[in-house]
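Student: mmCIF, C-alpha atoms and all ligand atoms, file my_file16.cif:
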```cif
data_query
loop_
_atom_site.label_atom_id
_atom_site.label_comp_id
_atom_site.auth_asym_id
_atom_site.auth_seq_id
_atom_site.Cartn_x
_atom_site.Cartn_y
_atom_site.Cartn_z
CA MET A 1 15.20 -10.37 -10.81
CA LEU A 2 11.96 -8.61 -11.63
CA THR A 3 11.68 -6.87 -14.94
CA TRP A 4 9.94 -3.62 -14.27
CA ASN A 5 9.02 -0.33 -15.77
CA PRO A 6 12.18 1.60 -14.87
CA ASN A 7 10.19 4.74 -14.16
CA LEU A 8 8.68 3.11 -11.08
CA LEU A 9 11.78 1.53 -9.74
CA ILE A 10 13.81 3.06 -6.93
CA ARG A 11 17.30 1.57 -7.25
CA ASP A 12 19.35 0.34 -4.30
CA GLU A 13 21.94 3.04 -4.80
CA GLU A 14 19.44 5.85 -5.25
CA SER A 15 19.58 8.35 -2.48
CA SER A 16 16.75 9.31 -0.23
CA TYR A 17 16.28 12.83 1.15
CA ASN A 18 17.66 14.62 4.18
CA LYS A 19 14.79 14.69 6.66
CA ASN A 20 15.61 18.28 7.65
CA LEU A 21 14.33 19.39 4.24
CA PHE A 22 10.81 18.27 5.17
CA CYS A 23 8.23 18.75 7.92
CA ILE A 24 8.40 15.82 10.32
CA PRO A 25 6.33 15.48 13.53
CA LYS A 26 8.54 16.43 16.51
CA HIS A 27 7.81 13.11 18.23
CA TYR A 28 9.51 11.20 15.39
CA GLU A 29 12.42 13.53 14.57
CA GLU A 30 14.98 11.46 16.47
CA ASP A 31 13.77 8.15 15.06
CA LEU A 32 14.08 8.74 11.34
CA GLU A 33 17.19 8.32 9.22
CA ARG A 34 16.01 9.72 5.88
CA VAL A 35 12.88 10.59 3.94
CA PHE A 36 12.54 7.89 1.31
CA ILE A 37 9.45 8.93 -0.69
CA PRO A 38 8.05 12.40 0.06
CA HIS A 39 4.29 12.68 0.53
CA GLY A 40 3.85 14.92 -2.50
CA LEU A 41 5.50 12.35 -4.76
CA ILE A 42 3.21 9.62 -3.41
CA LEU A 43 0.17 11.78 -4.19
CA ASP A 44 1.41 12.56 -7.70
CA ARG A 45 1.92 8.89 -8.39
CA THR A 46 -1.52 8.11 -6.92
CA GLU A 47 -3.13 10.60 -9.29
CA ARG A 48 -1.63 8.77 -12.25
CA LEU A 49 -2.55 5.32 -10.90
CA ALA A 50 -6.17 6.50 -10.62
CA ARG A 51 -6.10 7.56 -14.25
CA ASP A 52 -4.60 4.22 -15.36
CA ILE A 53 -7.17 2.28 -13.33
CA MET A 54 -10.08 4.29 -14.75
CA GLN A 55 -8.81 3.83 -18.29
CA ASP A 56 -8.62 0.04 -17.85
CA MET A 57 -12.00 -0.23 -16.13
CA GLY A 58 -15.17 -1.22 -17.89
CA SER A 59 -18.45 0.35 -16.87
CA HIS A 60 -19.32 -2.30 -14.24
CA PRO A 61 -19.77 -1.23 -10.60
CA ILE A 62 -16.64 -2.09 -8.63
CA VAL A 63 -15.87 -3.02 -5.05
CA ALA A 64 -12.83 -1.26 -3.63
CA LEU A 65 -11.38 -3.34 -0.81
CA CYS A 66 -9.05 -1.65 1.66
CA VAL A 67 -6.50 -3.78 3.49
CA LEU A 68 -6.25 -2.31 7.00
CA LYS A 69 -4.49 -0.82 8.62
CA GLY A 70 -1.56 -0.08 6.33
CA GLY A 71 -3.62 0.51 3.20
CA TYR A 72 -5.95 3.18 4.57
CA LYS A 73 -4.08 6.30 3.41
CA PHE A 74 -3.50 4.99 -0.08
CA PHE A 75 -7.07 3.76 -0.30
CA ALA A 76 -8.49 7.14 0.74
CA ASP A 77 -6.19 9.15 -1.55
CA LEU A 78 -6.69 6.89 -4.56
CA LEU A 79 -10.45 6.82 -4.11
CA ASP A 80 -10.49 10.62 -3.90
CA GLN A 81 -8.73 10.69 -7.27
CA ILE A 82 -11.14 8.16 -8.76
CA LYS A 83 -14.07 10.22 -7.44
CA ALA A 84 -12.63 13.32 -9.08
CA LEU A 85 -12.33 11.48 -12.42
CA ASN A 86 -15.88 10.12 -11.98
CA GLN A 87 -17.12 13.65 -11.40
CA ASN A 88 -15.34 15.31 -14.28
CA GLY A 89 -14.83 12.65 -16.94
CA ASP A 90 -17.01 11.31 -19.75
CA LYS A 91 -17.10 7.91 -18.09
CA SER A 92 -18.10 7.21 -14.49
CA VAL A 93 -18.19 3.98 -12.50
CA PRO A 94 -20.12 3.29 -9.26
CA VAL A 95 -17.75 2.32 -6.44
CA THR A 96 -18.64 0.58 -3.17
CA VAL A 97 -16.10 0.10 -0.40
CA ASP A 98 -15.23 -2.69 1.99
CA PHE A 99 -12.48 -3.38 4.48
CA VAL A 100 -10.35 -6.30 5.56
CA ARG A 101 -8.04 -6.28 8.55
CA ILE A 102 -4.73 -8.06 8.82
CA LYS A 103 -2.49 -8.05 11.87
CA SER A 104 1.25 -8.41 12.13
CA TYR A 105 3.86 -8.14 14.84
CA CYS A 106 7.07 -6.16 14.23
CA ASN A 107 6.62 -6.30 10.46
CA GLU A 108 6.46 -10.07 10.33
CA SER A 109 4.40 -11.34 7.47
CA PRO A 110 0.82 -11.35 8.74
CA ALA A 111 -0.51 -13.76 6.13
CA GLU A 112 -1.93 -16.19 8.66
CA LYS A 113 -3.69 -13.48 10.68
CA ILE A 114 -6.38 -12.31 8.33
CA SER A 115 -9.77 -11.30 9.67
CA PHE A 116 -12.62 -9.76 7.76
CA ILE A 117 -14.51 -6.92 9.37
CA GLY A 118 -18.29 -6.64 9.68
CA GLU A 119 -20.14 -8.72 7.15
CA GLU A 120 -17.11 -10.74 6.09
CA LEU A 121 -17.63 -9.84 2.47
CA SER A 122 -20.93 -11.75 2.43
CA THR A 123 -22.75 -8.76 0.95
CA LEU A 124 -20.31 -8.76 -1.93
CA SER A 125 -21.23 -12.11 -3.39
CA GLY A 126 -23.37 -10.52 -6.09
CA LYS A 127 -20.67 -8.07 -7.13
CA TYR A 128 -17.87 -9.21 -9.28
CA PHE A 129 -15.24 -6.60 -9.82
CA PHE A 130 -12.81 -6.18 -6.96
CA TYR A 131 -10.00 -3.70 -6.65
CA HIS A 132 -7.85 -4.61 -3.74
CA PHE A 133 -5.69 -1.93 -2.10
CA GLN A 134 -2.62 -2.94 -0.12
CA ASP A 135 0.21 -0.97 1.48
CA ILE A 136 3.25 -3.09 0.61
CA ILE A 137 4.07 -6.47 -0.85
CA GLU A 138 7.16 -8.18 0.49
CA THR A 139 7.02 -11.98 0.22
CA GLY A 140 3.53 -11.81 -1.27
CA ARG A 141 2.13 -14.24 1.33
CA THR A 142 -0.45 -11.79 2.70
CA MET A 143 -1.62 -10.96 -0.77
CA LYS A 144 -1.97 -14.60 -1.77
CA ALA A 145 -3.89 -15.50 1.39
CA LEU A 146 -6.27 -12.59 0.87
CA LEU A 147 -6.76 -13.35 -2.79
CA SER A 148 -7.73 -16.93 -2.04
CA LYS A 149 -10.42 -15.65 0.39
CA ILE A 150 -11.73 -13.18 -2.17
CA LYS A 151 -11.76 -15.83 -4.86
CA ASP A 152 -14.13 -17.89 -2.69
CA LYS A 153 -16.67 -15.22 -3.65
CA LYS A 154 -16.15 -16.18 -7.27
CA PRO A 155 -15.41 -12.70 -8.58
CA ARG A 156 -15.26 -12.24 -12.34
CA MET A 157 -12.21 -10.09 -11.88
CA VAL A 158 -9.77 -9.11 -9.13
CA LYS A 159 -7.12 -6.43 -9.54
CA VAL A 160 -4.46 -5.74 -6.96
CA VAL A 161 -3.16 -2.23 -6.32
CA SER A 162 -0.20 -1.71 -3.98
CA VAL A 163 1.65 1.46 -3.01
CA LEU A 164 4.96 -0.39 -2.67
CA VAL A 165 6.56 -3.61 -3.79
CA LYS A 166 9.77 -4.63 -2.05
CA ARG A 167 12.62 -6.18 -4.05
CA THR A 168 13.50 -9.18 -1.93
CA CYS A 169 14.92 -12.62 -2.57
CA GLN A 170 12.02 -14.02 -0.47
CA SER A 171 9.58 -12.78 -3.06
CA PRO A 172 8.14 -15.43 -5.36
CA GLY A 173 7.90 -12.70 -8.02
CA TYR A 174 4.28 -11.85 -7.29
CA ARG A 175 3.42 -8.66 -9.13
CA PRO A 176 0.32 -6.56 -8.42
CA ASP A 177 -1.68 -5.16 -11.33
CA TYR A 178 -0.86 -1.60 -10.30
CA THR A 179 2.17 -0.51 -8.25
CA GLY A 180 3.13 2.87 -6.87
CA PHE A 181 6.86 2.25 -6.43
CA GLU A 182 9.20 -0.72 -6.31
CA ILE A 183 11.70 -0.24 -3.48
CA PRO A 184 14.91 -1.93 -2.28
CA ASP A 185 14.75 -4.57 0.45
CA GLN A 186 14.52 -2.40 3.53
CA SER A 187 11.99 -1.58 6.20
CA VAL A 188 10.00 1.60 5.67
CA VAL A 189 7.37 3.45 7.70
CA GLY A 190 4.92 6.30 7.20
CA TYR A 191 1.91 6.96 4.96
CA ALA A 192 0.04 4.45 7.20
CA LEU A 193 2.84 1.86 7.17
CA ASP A 194 3.84 1.10 10.74
CA TYR A 195 6.53 -0.24 12.95
CA ASN A 196 4.64 -1.81 15.85
CA GLU A 197 1.69 0.53 15.23
CA TYR A 198 3.87 3.67 15.32
CA PHE A 199 4.62 5.97 12.37
CA ARG A 200 1.25 5.62 10.66
CA ASP A 201 0.81 9.32 11.55
CA LEU A 202 3.72 10.35 9.32
CA ASN A 203 3.03 11.69 5.82
CA HIS A 204 6.27 10.72 4.09
CA ILE A 205 7.55 7.18 3.59
CA CYS A 206 10.75 7.11 5.67
CA ILE A 207 13.63 4.92 6.76
CA LEU A 208 14.07 4.36 10.49
CA LYS A 209 17.29 4.69 12.44
CA ASP A 210 18.53 1.34 13.78
CA ASN A 211 18.00 2.36 17.40
CA ALA A 212 14.37 3.32 16.70
CA GLU A 213 13.48 -0.33 16.13
CA GLU A 214 14.78 -1.07 19.62
CA LYS A 215 12.82 1.85 21.09
CA TYR A 216 9.48 0.87 19.57
CA ARG A 217 9.85 -2.88 19.90
CA MET A 218 7.24 -4.23 22.36
P1 LIG A 301 4.16 -10.11 2.86
O1 LIG A 301 3.06 -11.02 3.29
O2 LIG A 301 5.52 -10.67 3.19
O3 LIG A 301 4.08 -9.67 1.43
O4 LIG A 301 4.08 -8.80 3.78
C1 LIG A 301 3.19 -7.76 3.54
C2 LIG A 301 2.72 -7.13 4.82
O5 LIG A 301 3.81 -7.03 5.77
C3 LIG A 301 2.25 -5.71 4.59
O6 LIG A 301 0.84 -5.66 4.40
C4 LIG A 301 2.70 -5.00 5.84
O7 LIG A 301 1.71 -5.08 6.84
C5 LIG A 301 3.91 -5.74 6.33
N1 LIG A 301 5.20 -5.14 5.87
C6 LIG A 301 6.11 -5.68 5.04
N2 LIG A 301 7.17 -4.86 4.87
C7 LIG A 301 6.91 -3.75 5.61
C8 LIG A 301 7.65 -2.52 5.83
O8 LIG A 301 8.75 -2.27 5.31
N3 LIG A 301 7.04 -1.60 6.64
C9 LIG A 301 5.82 -1.81 7.23
N4 LIG A 301 5.11 -2.95 7.03
C10 LIG A 301 5.66 -3.92 6.24
MG MG A 302 2.33 -3.66 10.08
#
```
Please, can you express the file's structure as structure tokens?
Ligand code: IMP
Ligand code: MG

Tutor:
Amino acid sequence: MLTWNPNLLIRDEESSYNKNLFCIPKHYEEDLERVFIPHGLILDRTERLARDIMQDMGSHPIVALCVLKGGYKFFADLLDQIKALNQNGDKSVPVTVDFVRIKSYCNESPAEKISFIGEELSTLSGKYFFYHFQDIIETGRTMKALLSKIKDKKPRMVKVVSVLVKRTCQSPGYRPDYTGFEIPDQSVVGYALDYNEYFRDLNHICILKDNAEEKYRM
């Protein structure tokens, strides 16, 4: 069992929220069981993660690497927060961005299907400080496969930032450097996390109804 800062941990028995208390796109109303993490809470947590990251950072330029597609919302929101701190704080750090794409089918672990976009990180070889933004870590296989590719570039430092970590017995206990929330072992969608490419256009992180998986399965 992971030992974890209890403030981040959402326990198995902890309730989620009635979806009727929130604004949900009409096209998904029938598919969702509950709202698990409301959008506002994600943003509040992101604000704090940005502060923690900035505090730990030196003054070296960093490369922020977004893992597509699931990491794009978190990446954009967290970078906005870092930009705000850069603009208003005593310390500021130059940030460049890059993107890596991974593909999965029906939430299977996509570790073996990693493809780099554009220049395949070749332009990054002279830059050494990576911050790597992922949507969710389940078994950790995707993360490990990506890290081994990044490490080919011989970075001086790599930090992993993930919105969610799933508590699962499949997990080898891999722990990112920064985590938004640790969640029970269940499938979630929204905030760019998908089920077969659907639900990325949903602000809140939600739990699907069982019959929705059937409906959206290809
Ligand atoms: P891992 O390789 O088993 O750690 O799986 C991580 C990847 O699987 C993530 O980047 C997601 O693309 C996908 N994934 C795992 N769990 C979920 C989920 O609950 N919802 C949506 N995608 C998920
Ligand atoms: Mg996916």

Student: Tell me which of A:Asp177, A:Asp90, A:Glu182, A:Glu138 sits closest to ligand LIG 301 (chain A), counting all atoms listed in the file.

Tutor: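 Going through A:Asp177, A:Asp90, A:Glu182, A:Glu138 one by one, the smallest distance to ligand LIG 301 (chain A) is for A:Glu138.
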
Student: Can you tell me how far CA of Phe75 (chain A) sits from CA of Thr179 (chain A), in Å to one decimal?

Tutor: 12.9 Å

Student: CA of Phe133 (chain A) to CA of Glu33 (chain A): how many Å, to one decimal?

Tutor: 27.5 Å

Student: In the coordinates of the file, take the point (8.3, 0.4, 18.5) and a cut-off of 9 Å; then, counting all atoms listed in the file, name each qualifying protein, DNA or RNA residue as a PyMOL selection string.

Tutor: chain A and resi 106+194-198+212-218

Student: Atoms to include: C-alpha atoms. Write the selected residues as a tab-separated table (two decimals), in the coordinates of the input.

Tutor:
```tsv
chain	number	residue	atom	x	y	z
A	106	CYS	CA	7.07	-6.16	14.23
A	194	ASP	CA	3.84	1.10	10.74
A	195	TYR	CA	6.53	-0.24	12.95
A	196	ASN	CA	4.64	-1.81	15.85
A	197	GLU	CA	1.69	0.53	15.23
A	198	TYR	CA	3.87	3.67	15.32
A	212	ALA	CA	14.37	3.32	16.70
A	213	GLU	CA	13.48	-0.33	16.13
A	214	GLU	CA	14.78	-1.07	19.62
A	215	LYS	CA	12.82	1.85	21.09
A	216	TYR	CA	9.48	0.87	19.57
A	217	ARG	CA	9.85	-2.88	19.90
A	218	MET	CA	7.24	-4.23	22.36
```

Student: Measure the distance from CA of Leu78 (chain A) to CA of Asn18 (chain A) in Å and round it to one decimal.

Tutor: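 CA of Asn18 (chain A) lies at a distance of 27.0 Å from CA of Leu78 (chain A).
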
Student: Counting all atoms listed in the file, figure out which residue out of A:Gln87, A:Cys66, A:Glu30, A:Gln186 gets nearest to Ser162 (chain A).

Tutor: A:Cys66

Student: Between region 153-205 of chain A and region 41-59 of chain A, at 12 Å or less, what are the per-residue closest atom pairs and their distances in Å? Count all atoms listed in the file, order by chain and rising residue number, and return it as CSV.

Tutor:
```
residue,atom,partner,partner_atom,distance
A:Met157,CA,A:Met57,CA,10.7
A:Val158,CA,A:Met57,CA,11.5
A:Lys159,CA,A:Ile53,CA,9.5
A:Val160,CA,A:Ile53,CA,10.6
A:Val161,CA,A:Leu49,CA,8.9
A:Ser162,CA,A:Leu49,CA,10.1
A:Val163,CA,A:Ile42,CA,8.3
A:Leu164,CA,A:Ile42,CA,10.2
A:Asp177,CA,A:Ile53,CA,9.5
A:Tyr178,CA,A:Leu49,CA,7.1
A:Thr179,CA,A:Leu49,CA,8.0
A:Gly180,CA,A:Arg45,CA,6.3
A:Phe181,CA,A:Arg45,CA,8.5
A:Gly190,CA,A:Ile42,CA,11.2
A:Tyr191,CA,A:Ile42,CA,8.9
A:Asn203,CA,A:Ile42,CA,9.5
A:His204,CA,A:Ile42,CA,8.2
A:Ile205,CA,A:Ile42,CA,8.6
```

Student: Keeping C-alpha atoms for every residue in the selection just given, could you write it to a file as a PDB file, in the coordinates of the input?

Tutor:
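This went into result.pdb:
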```
ATOM      1  CA  MET A 157     -12.210 -10.090 -11.880  1.00  0.00           C
ATOM      2  CA  VAL A 158      -9.770  -9.110  -9.130  1.00  0.00           C
ATOM      3  CA  LYS A 159      -7.120  -6.430  -9.540  1.00  0.00           C
ATOM      4  CA  VAL A 160      -4.460  -5.740  -6.960  1.00  0.00           C
ATOM      5  CA  VAL A 161      -3.160  -2.230  -6.320  1.00  0.00           C
ATOM      6  CA  SER A 162      -0.200  -1.710  -3.980  1.00  0.00           C
ATOM      7  CA  VAL A 163       1.650   1.460  -3.010  1.00  0.00           C
ATOM      8  CA  LEU A 164       4.960  -0.390  -2.670  1.00  0.00           C
ATOM      9  CA  ASP A 177      -1.680  -5.160 -11.330  1.00  0.00           C
ATOM     10  CA  TYR A 178      -0.860  -1.600 -10.300  1.00  0.00           C
ATOM     11  CA  THR A 179       2.170  -0.510  -8.250  1.00  0.00           C
ATOM     12  CA  GLY A 180       3.130   2.870  -6.870  1.00  0.00           C
ATOM     13  CA  PHE A 181       6.860   2.250  -6.430  1.00  0.00           C
ATOM     14  CA  GLY A 190       4.920   6.300   7.200  1.00  0.00           C
ATOM     15  CA  TYR A 191       1.910   6.960   4.960  1.00  0.00           C
ATOM     16  CA  ASN A 203       3.030  11.690   5.820  1.00  0.00           C
ATOM     17  CA  HIS A 204       6.270  10.720   4.090  1.00  0.00           C
ATOM     18  CA  ILE A 205       7.550   7.180   3.590  1.00  0.00           C
TER      19      ILE A 205
END
```

Student: Name all residues at most 12 Å from Phe129 (chain A) (count only C-alpha atoms; drop same-chain ones fewer than 4 positions away) and give them as an MDAnalysis selection string.

Tutor: chainID A and resid 57:65 93:97 124:125 150:151 153:160

Student: Show me, as AutoDock Vina command-line options, the centre and edge lengths in Å to one decimal of the axis-aligned box that covers every listed atom of ligand LIG 301 (chain A) with 6 Å on each side.

Tutor:
```
--center_x 4.8 --center_y -6.3 --center_z 4.3 --size_x 19.9 --size_y 21.4 --size_z 17.8
```

Student: Got a sec: who's within 10 Å of Leu21 (chain A), counting only C-alpha atoms, leaving out chain neighbours fewer than 4 positions off, as a PyMOL selection string?

Tutor: chain A and resi 17+34-35

Student: Which residue gives the smallest distance to ligand MG 302 (chain A) among A:Phe22, A:Phe36, A:Phe199, A:Tyr131, with only C-alpha atoms and all ligand atoms counted?

Tutor: A:Phe199

Student: Counting all atoms listed in the file, figure out which residue out of A:Lys209, A:Lys26, A:His39, A:Arg101 gets nearest to ligand MG 302 (chain A).

Tutor: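 That would be A:Arg101, the residue with the smallest distance to ligand MG 302 (chain A).
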
Student: Return the single residue from A:Lys144, A:Lys19, A:Lys69, A:His27 that is closest to ligand MG 302 (chain A), with distances computed using all atoms listed in the file.

Tutor: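 Of all the options, A:Lys69 lies closest to ligand MG 302 (chain A).
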
Student: Looking at all atoms listed in the file, which of A:Leu146, A:Leu193, A:Val100, A:Ile37 is the one that sits closest to Phe74 (chain A)?

Tutor: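 Residue with the minimum atom-to-atom distance to Phe74 (chain A): A:Leu193.
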